[in-house]
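Enquirer: Let me give you the structure first, and then I'll get to my questions.
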Amino acid sequence: MASCFAGKRIVIFSGGEAKSNDEILAEVKGIADGGGCGSIMGRNAFQRPRAEAIKLLHEVMDVYAKAK
């Protein structure tokens, strides 16, 4: 948590296996429910079309923002 600016920043790293949006959001909700504040996403964002990737990243950030 200290490395995430005391929990005041959402951290999304490159990496992880390719998943559907539903799988990603379910995983993110589990991480947030467990007190985490970031995800390893990689190709799950960067290999989607730009508009789709941005929408997904906003949905991920919303999950973490609501968990605080």
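Every chain in the structure tokens takes a letter, A first, then B, and so on in the order presented; its residues are numbered from 1, and the ligands are numbered from 1 following the presented order.
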Give me the residues near Val28 of chain A as a PyMOL selection string, where near means some atom within 10 Å (using only C-alpha atoms) and where sequence neighbours in that chain fewer than 4 positions away do not count.

Expert: chain A and resi 22-24+32-34+36-41+59-61+63-64

Enquirer: Compile the contact shell of Leu56 of chain A as a list of chain:residue names: residues with an atom at most 9 Å away, counting only C-alpha atoms, same-chain residues fewer than 6 positions apart removed.

Expert: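 Returned residues: A:Asn21, A:Ile24, A:Leu25, A:Asn44, A:Ala45.
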
Enquirer: Convert the current residue selection to file output with N, CA and C atoms, as a PDB file, in the first residue's frame.

Expert:
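Saved the output as result32.pdb:
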ATOM      1  N   ASN A  21     -14.058  -9.241 -20.733  1.00  0.00           N
ATOM      2  CA  ASN A  21     -14.340  -8.100 -19.848  1.00  0.00           C
ATOM      3  C   ASN A  21     -14.974  -8.567 -18.543  1.00  0.00           C
ATOM      4  N   ILE A  24     -12.341 -10.094 -16.295  1.00  0.00           N
ATOM      5  CA  ILE A  24     -11.465  -9.049 -15.756  1.00  0.00           C
ATOM      6  C   ILE A  24     -12.152  -8.316 -14.618  1.00  0.00           C
ATOM      7  N   LEU A  25     -13.382  -7.887 -14.855  1.00  0.00           N
ATOM      8  CA  LEU A  25     -14.094  -7.116 -13.830  1.00  0.00           C
ATOM      9  C   LEU A  25     -14.385  -7.952 -12.589  1.00  0.00           C
ATOM     10  N   ASN A  44      -4.881  -7.343 -21.756  1.00  0.00           N
ATOM     11  CA  ASN A  44      -6.313  -7.179 -21.571  1.00  0.00           C
ATOM     12  C   ASN A  44      -6.766  -5.754 -21.847  1.00  0.00           C
ATOM     13  N   ALA A  45      -5.862  -4.830 -21.807  1.00  0.00           N
ATOM     14  CA  ALA A  45      -6.183  -3.457 -22.206  1.00  0.00           C
ATOM     15  C   ALA A  45      -5.500  -3.107 -23.517  1.00  0.00           C
TER      16      ALA A  45
END

Enquirer: When DSSP works through the backbone of this structure, what residues of segment 14-64 of chain A end up as helix (DSSP H, G or I), shown as a compact mmCIF listing (two decimals) with C-alpha atoms, in the first residue's frame?

Expert:
# COMPACT_ATOMS: atom_id res chain seq x y z
CA ASN A 21 -14.34 -8.10 -19.85
CA ASP A 22 -16.58 -10.01 -17.41
CA GLU A 23 -13.65 -12.12 -16.20
CA ILE A 24 -11.47 -9.05 -15.76
CA LEU A 25 -14.09 -7.12 -13.83
CA ALA A 26 -14.86 -10.12 -11.59
CA GLU A 27 -11.14 -10.46 -10.80
CA VAL A 28 -10.83 -6.73 -10.13
CA LYS A 29 -13.84 -6.80 -7.78
CA GLY A 30 -12.23 -9.67 -5.88
CA ILE A 31 -8.95 -7.79 -5.57
CA ALA A 32 -10.72 -4.62 -4.41
CA ASP A 33 -12.87 -6.59 -1.92
CA ARG A 43 -2.85 -7.34 -23.10
CA ASN A 44 -6.31 -7.18 -21.57
CA ALA A 45 -6.18 -3.46 -22.21
CA PHE A 46 -3.43 -2.90 -24.73
CA ARG A 50 -8.49 1.91 -28.23
CA ALA A 51 -12.08 2.90 -27.40
CA GLU A 52 -12.83 -0.53 -25.91
CA ALA A 53 -9.60 -0.47 -23.87
CA ILE A 54 -10.32 2.99 -22.48
CA LYS A 55 -13.87 1.96 -21.53
CA LEU A 56 -12.53 -1.16 -19.77
CA LEU A 57 -9.87 0.81 -17.89
CA HIS A 58 -12.50 3.31 -16.72
CA GLU A 59 -14.66 0.41 -15.49
CA VAL A 60 -11.66 -1.02 -13.61
CA MET A 61 -10.84 2.35 -12.04
CA ASP A 62 -14.50 2.75 -11.01
CA VAL A 63 -14.38 -0.56 -9.14
CA TYR A 64 -11.32 0.52 -7.15
